[in-house]
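This report refers to the structure that appears directly beneath it.
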Amino acid sequence: MSKPGTKLQSWSTEHNTERHSHFDHAEGATAVWIFQGDFYVSSRPDLYLTTVLGSCIAVCMRDPVTMCGGMNHFLLPDAEIPDDHFPSLALRYGSYSIERLINAILSRGGKRQRLETKVFGGADLMKGMSAVGARNVEFVEHYFARELLTIAAADLRGVKPRKLRYFPTTGRVLVSELQDLQAIDTVRSESECRSKITNSKLPGAIEVFVP
């Protein structure tokens with residue numbers, strides 16, 4: 001059992017980076033934070049994954065037989081530049097992020113036909129933000145329909161950001177709406193990340209997200 005304030009080693013992202021975590025005494029479990037453009041997979045029963053979503057999407061997925069599951073957090077449906085394929089950057093886009101999540105679960109004994117999928121996010125936080133939330137929701141619904149994968153549960157759209165907690169071994173999900181000050185922070189964070197993406201789209205530019 002991890003102590004409060006410890007850091008876990010990620011074993012499912014593109015790079016083996018340290019991961020922010022803390023011990024949640026109320027749940028009796030270690031909470032692992034999933035940042036924007038990130039994903040994590042685990043089969044630990046004493047661990048849950050958590051994130052905050054505005055217009056972004058989180059896909060929570062597990063195999064109920066192997067009890068291995070994970071969560072991703074992506075910013076945009078697809079890359080606007082076709083050759084924007086640096087692995088550490090591509091995780092911010094829906095298609096690549098979901099594929100990496102699925103493959104990570106399958107590589108640990110999961111079966112595609114058994115996958116249980118739950119999706120969250122896609123809120124319209126501010127008018128005039130290019131309807132990113134709606135685009136993300138349309139993308140994720142079409143993606144799973146095209147891949148013939150059933151969405152078991154969803155909490156999408158709306159106008160408030162969400163805090164999400166997902167227990168990858170059991171599939172339990174706790175969702176709560178954030179209040180005004182937290183909503184402002186979420187909007188600012190997502191806007192800054194999208195601005196970085198736009199500014200990184202210069203010839204030869206490589207962007208690295210650091211928590």
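Identifiers in this document derive from the order of the structure tokens: chains are assigned A, B, ..., residues are numbered from 1 separately in each chain, and ligands are numbered from 1 in order of occurrence.
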
field: All strand (DSSP E) positions in stretch 18-113 of chain A, as a PyMOL selection string
entry: chain A and resi 18-24+29-33+38-42+47-53+57-63+68-73

Could you write those residues out with N, CA and C atoms, as a CSV table (one decimal), in the first residue's frame?
```
chain,number,residue,atom,x,y,z
A,18,GLU,N,7.6,9.2,-13.8
A,18,GLU,CA,7.0,9.1,-12.5
A,18,GLU,C,5.6,9.7,-12.5
A,19,ARG,N,4.8,9.2,-11.6
A,19,ARG,CA,3.4,9.6,-11.7
A,19,ARG,C,2.9,10.1,-10.4
A,20,HIS,N,2.1,11.2,-10.4
A,20,HIS,CA,1.6,11.8,-9.2
A,20,HIS,C,0.5,10.9,-8.6
A,21,SER,N,0.6,10.7,-7.3
A,21,SER,CA,-0.4,9.9,-6.6
A,21,SER,C,-0.4,10.3,-5.1
A,22,HIS,N,-1.5,9.9,-4.5
A,22,HIS,CA,-1.7,10.1,-3.0
A,22,HIS,C,-2.6,9.0,-2.5
A,23,PHE,N,-2.5,8.8,-1.2
A,23,PHE,CA,-3.4,7.8,-0.6
A,23,PHE,C,-4.7,8.4,-0.1
A,24,ASP,N,-5.8,7.9,-0.6
A,24,ASP,CA,-7.1,8.3,-0.2
A,24,ASP,C,-7.6,7.5,1.0
A,29,ALA,N,-7.5,3.5,-0.7
A,29,ALA,CA,-6.8,3.2,-2.0
A,29,ALA,C,-5.9,4.3,-2.4
A,30,THR,N,-4.9,4.0,-3.2
A,30,THR,CA,-4.0,5.0,-3.8
A,30,THR,C,-4.7,5.6,-5.0
A,31,ALA,N,-4.7,6.9,-5.1
A,31,ALA,CA,-5.3,7.7,-6.2
A,31,ALA,C,-4.2,8.1,-7.1
A,32,VAL,N,-4.3,7.7,-8.4
A,32,VAL,CA,-3.3,8.0,-9.4
A,32,VAL,C,-3.9,9.0,-10.4
A,33,TRP,N,-3.2,10.2,-10.6
A,33,TRP,CA,-3.7,11.2,-11.4
A,33,TRP,C,-3.4,11.0,-12.9
A,38,ASP,N,-2.6,11.6,-21.6
A,38,ASP,CA,-2.0,10.6,-20.8
A,38,ASP,C,-2.9,9.3,-20.7
A,39,PHE,N,-2.4,8.2,-20.3
A,39,PHE,CA,-3.2,7.0,-20.0
A,39,PHE,C,-2.5,6.2,-19.0
A,40,TYR,N,-3.2,5.3,-18.3
A,40,TYR,CA,-2.6,4.4,-17.3
A,40,TYR,C,-3.4,3.1,-17.2
A,41,VAL,N,-2.8,2.0,-17.0
A,41,VAL,CA,-3.4,0.7,-16.9
A,41,VAL,C,-2.9,0.0,-15.6
A,42,SER,N,-3.8,-0.6,-14.9
A,42,SER,CA,-3.4,-1.3,-13.7
A,42,SER,C,-4.4,-2.5,-13.4
A,47,LEU,N,-6.1,0.6,-5.9
A,47,LEU,CA,-5.7,1.8,-6.6
A,47,LEU,C,-6.9,2.2,-7.5
A,48,TYR,N,-7.1,3.6,-7.6
A,48,TYR,CA,-8.0,4.1,-8.6
A,48,TYR,C,-7.4,5.2,-9.4
A,49,LEU,N,-8.0,5.5,-10.5
A,49,LEU,CA,-7.5,6.5,-11.4
A,49,LEU,C,-8.4,7.7,-11.4
A,50,THR,N,-7.8,8.9,-11.4
A,50,THR,CA,-8.7,10.1,-11.2
A,50,THR,C,-8.2,11.2,-12.2
A,51,THR,N,-9.1,12.1,-12.6
A,51,THR,CA,-8.8,13.2,-13.5
A,51,THR,C,-10.0,14.2,-13.4
A,52,VAL,N,-9.7,15.4,-14.0
A,52,VAL,CA,-10.8,16.4,-14.1
A,52,VAL,C,-11.0,16.7,-15.6
A,53,LEU,N,-12.2,16.7,-16.0
A,53,LEU,CA,-12.6,16.8,-17.4
A,53,LEU,C,-13.4,18.1,-17.7
A,57,ILE,N,-12.1,14.3,-23.1
A,57,ILE,CA,-12.8,13.0,-22.9
A,57,ILE,C,-11.9,12.0,-22.1
A,58,ALA,N,-12.5,11.2,-21.2
A,58,ALA,CA,-11.8,10.1,-20.6
A,58,ALA,C,-12.5,8.9,-20.9
A,59,VAL,N,-11.8,7.9,-21.5
A,59,VAL,CA,-12.3,6.5,-21.7
A,59,VAL,C,-11.8,5.6,-20.6
A,60,CYS,N,-12.7,5.0,-19.9
A,60,CYS,CA,-12.4,4.0,-18.9
A,60,CYS,C,-12.8,2.6,-19.4
A,61,MET,N,-11.8,1.7,-19.3
A,61,MET,CA,-12.0,0.4,-20.0
A,61,MET,C,-11.3,-0.6,-19.1
A,62,ARG,N,-12.0,-1.8,-19.1
A,62,ARG,CA,-11.4,-3.0,-18.4
A,62,ARG,C,-11.8,-4.3,-18.9
A,63,ASP,N,-11.1,-5.3,-18.6
A,63,ASP,CA,-11.5,-6.7,-18.9
A,63,ASP,C,-11.9,-7.3,-17.6
A,68,CYS,N,-8.1,-6.2,-15.2
A,68,CYS,CA,-7.1,-5.2,-15.6
A,68,CYS,C,-7.8,-4.1,-16.4
A,69,GLY,N,-7.6,-2.9,-16.0
A,69,GLY,CA,-8.3,-1.8,-16.7
A,69,GLY,C,-7.5,-0.5,-16.7
A,70,GLY,N,-8.0,0.5,-17.3
A,70,GLY,CA,-7.3,1.7,-17.4
A,70,GLY,C,-8.1,2.9,-17.8
A,71,MET,N,-7.5,4.1,-17.8
A,71,MET,CA,-8.2,5.3,-18.2
A,71,MET,C,-7.2,6.1,-19.1
A,72,ASN,N,-7.8,6.8,-20.1
A,72,ASN,CA,-7.0,7.8,-20.8
A,72,ASN,C,-7.7,9.2,-20.7
A,73,HIS,N,-7.0,10.2,-21.2
A,73,HIS,CA,-7.6,11.6,-21.1
A,73,HIS,C,-7.1,12.3,-22.3
```

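Residues with any atom within 12 Å of A:Glu141, counting only C-alpha atoms and excluding same-chain neighbours fewer than 5 positions away, are Ile57, Val59, Pro77, Gly94, Ser95, Thr117, Lys118, Val119, Phe120, Gly122, Ala134, Arg135, Asn136, Arg146, Glu147, Leu148, Leu149, Thr150, Ile151, Ala152, Ala153, Ala154, Asp155, Leu156 and Arg157 of chain A.
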
Put those residues in a file: N, CA, C and O atoms, as an mmCIF file, in the first residue's frame.
```
data_model
loop_
_atom_site.group_PDB
_atom_site.id
_atom_site.type_symbol
_atom_site.label_atom_id
_atom_site.label_comp_id
_atom_site.auth_asym_id
_atom_site.auth_seq_id
_atom_site.Cartn_x
_atom_site.Cartn_y
_atom_site.Cartn_z
ATOM 1 N N ILE A 57 -12.137 14.272 -23.053
ATOM 2 C CA ILE A 57 -12.807 12.981 -22.876
ATOM 3 C C ILE A 57 -11.893 12.030 -22.115
ATOM 4 O O ILE A 57 -10.689 12.008 -22.341
ATOM 5 N N VAL A 59 -11.776 7.884 -21.461
ATOM 6 C CA VAL A 59 -12.303 6.548 -21.712
ATOM 7 C C VAL A 59 -11.801 5.640 -20.603
ATOM 8 O O VAL A 59 -10.594 5.554 -20.353
ATOM 9 N N PRO A 77 -10.174 15.291 -30.953
ATOM 10 C CA PRO A 77 -10.506 14.062 -31.684
ATOM 11 C C PRO A 77 -9.343 13.514 -32.500
ATOM 12 O O PRO A 77 -8.989 12.346 -32.370
ATOM 13 N N GLY A 94 -7.741 11.504 -29.790
ATOM 14 C CA GLY A 94 -8.613 10.400 -29.452
ATOM 15 C C GLY A 94 -8.254 9.058 -30.026
ATOM 16 O O GLY A 94 -8.140 8.063 -29.295
ATOM 17 N N SER A 95 -8.094 8.953 -31.331
ATOM 18 C CA SER A 95 -7.872 7.652 -31.967
ATOM 19 C C SER A 95 -6.647 6.945 -31.409
ATOM 20 O O SER A 95 -6.713 5.786 -30.998
ATOM 21 N N THR A 117 -16.549 -0.719 -21.455
ATOM 22 C CA THR A 117 -16.136 0.653 -21.731
ATOM 23 C C THR A 117 -17.117 1.667 -21.153
ATOM 24 O O THR A 117 -18.332 1.524 -21.308
ATOM 25 N N LYS A 118 -16.575 2.683 -20.501
ATOM 26 C CA LYS A 118 -17.364 3.798 -19.985
ATOM 27 C C LYS A 118 -16.666 5.091 -20.397
ATOM 28 O O LYS A 118 -15.435 5.177 -20.320
ATOM 29 N N VAL A 119 -17.442 6.084 -20.830
ATOM 30 C CA VAL A 119 -16.848 7.317 -21.343
ATOM 31 C C VAL A 119 -17.453 8.538 -20.664
ATOM 32 O O VAL A 119 -18.645 8.565 -20.341
ATOM 33 N N PHE A 120 -16.620 9.583 -20.503
ATOM 34 C CA PHE A 120 -17.021 10.753 -19.733
ATOM 35 C C PHE A 120 -16.420 12.022 -20.332
ATOM 36 O O PHE A 120 -15.371 11.980 -20.976
ATOM 37 N N GLY A 122 -16.610 15.938 -22.402
ATOM 38 C CA GLY A 122 -17.204 16.598 -23.555
ATOM 39 C C GLY A 122 -18.147 17.727 -23.200
ATOM 40 O O GLY A 122 -19.092 18.007 -23.938
ATOM 41 N N ALA A 134 -18.344 19.121 -28.041
ATOM 42 C CA ALA A 134 -19.271 18.427 -28.938
ATOM 43 C C ALA A 134 -18.518 17.586 -29.962
ATOM 44 O O ALA A 134 -18.915 16.455 -30.271
ATOM 45 N N ARG A 135 -17.408 18.126 -30.484
ATOM 46 C CA ARG A 135 -16.598 17.373 -31.441
ATOM 47 C C ARG A 135 -16.019 16.116 -30.801
ATOM 48 O O ARG A 135 -15.987 15.047 -31.412
ATOM 49 N N ASN A 136 -15.570 16.251 -29.563
ATOM 50 C CA ASN A 136 -15.019 15.101 -28.862
ATOM 51 C C ASN A 136 -16.069 14.022 -28.628
ATOM 52 O O ASN A 136 -15.798 12.826 -28.786
ATOM 53 N N ARG A 146 -18.034 2.359 -34.838
ATOM 54 C CA ARG A 146 -17.264 1.827 -35.964
ATOM 55 C C ARG A 146 -16.460 0.591 -35.565
ATOM 56 O O ARG A 146 -16.336 -0.362 -36.341
ATOM 57 N N GLU A 147 -15.935 0.595 -34.355
ATOM 58 C CA GLU A 147 -15.120 -0.526 -33.880
ATOM 59 C C GLU A 147 -15.961 -1.659 -33.297
ATOM 60 O O GLU A 147 -15.414 -2.672 -32.844
ATOM 61 N N LEU A 148 -17.284 -1.495 -33.312
ATOM 62 C CA LEU A 148 -18.211 -2.510 -32.794
ATOM 63 C C LEU A 148 -17.941 -2.831 -31.327
ATOM 64 O O LEU A 148 -18.026 -3.983 -30.884
ATOM 65 N N LEU A 149 -17.617 -1.790 -30.579
ATOM 66 C CA LEU A 149 -17.400 -1.921 -29.140
ATOM 67 C C LEU A 149 -18.527 -1.172 -28.416
ATOM 68 O O LEU A 149 -18.793 -0.005 -28.711
ATOM 69 N N THR A 150 -19.173 -1.846 -27.493
ATOM 70 C CA THR A 150 -20.318 -1.271 -26.792
ATOM 71 C C THR A 150 -19.869 -0.342 -25.672
ATOM 72 O O THR A 150 -18.942 -0.662 -24.924
ATOM 73 N N ILE A 151 -20.528 0.797 -25.559
ATOM 74 C CA ILE A 151 -20.312 1.698 -24.432
ATOM 75 C C ILE A 151 -21.304 1.301 -23.340
ATOM 76 O O ILE A 151 -22.515 1.444 -23.490
ATOM 77 N N ALA A 152 -20.792 0.792 -22.227
ATOM 78 C CA ALA A 152 -21.644 0.287 -21.150
ATOM 79 C C ALA A 152 -22.276 1.417 -20.344
ATOM 80 O O ALA A 152 -23.395 1.275 -19.829
ATOM 81 N N ALA A 153 -21.589 2.534 -20.213
ATOM 82 C CA ALA A 153 -22.110 3.676 -19.459
ATOM 83 C C ALA A 153 -21.411 4.934 -19.937
ATOM 84 O O ALA A 153 -20.264 4.890 -20.395
ATOM 85 N N ALA A 154 -22.119 6.071 -19.836
ATOM 86 C CA ALA A 154 -21.546 7.333 -20.301
ATOM 87 C C ALA A 154 -22.145 8.498 -19.527
ATOM 88 O O ALA A 154 -23.303 8.460 -19.111
ATOM 89 N N ASP A 155 -21.343 9.527 -19.342
ATOM 90 C CA ASP A 155 -21.799 10.803 -18.801
ATOM 91 C C ASP A 155 -21.099 11.866 -19.634
ATOM 92 O O ASP A 155 -19.950 12.222 -19.377
ATOM 93 N N LEU A 156 -21.804 12.351 -20.673
ATOM 94 C CA LEU A 156 -21.214 13.220 -21.684
ATOM 95 C C LEU A 156 -22.005 14.517 -21.824
ATOM 96 O O LEU A 156 -23.140 14.618 -21.390
ATOM 97 N N ARG A 157 -21.339 15.492 -22.463
ATOM 98 C CA ARG A 157 -21.938 16.789 -22.757
ATOM 99 C C ARG A 157 -22.178 17.567 -21.458
ATOM 100 O O ARG A 157 -21.411 17.435 -20.523
#
```

Residue with smallest distance to A:Gly109 - pool A:Met67, A:Leu164, A:Val173, A:Val159, counting only C-alpha atoms: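 Ranking A:Met67, A:Leu164, A:Val173, A:Val159 by distance to A:Gly109, first place goes to A:Met67.
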
- prompt: In Å, with one decimal, what is the gap from atom CA of A:Ile102 to atom CA of A:Leu115?
  reply: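 Result for atom CA of A:Ile102 versus atom CA of A:Leu115: 8.6 Å, one decimal.
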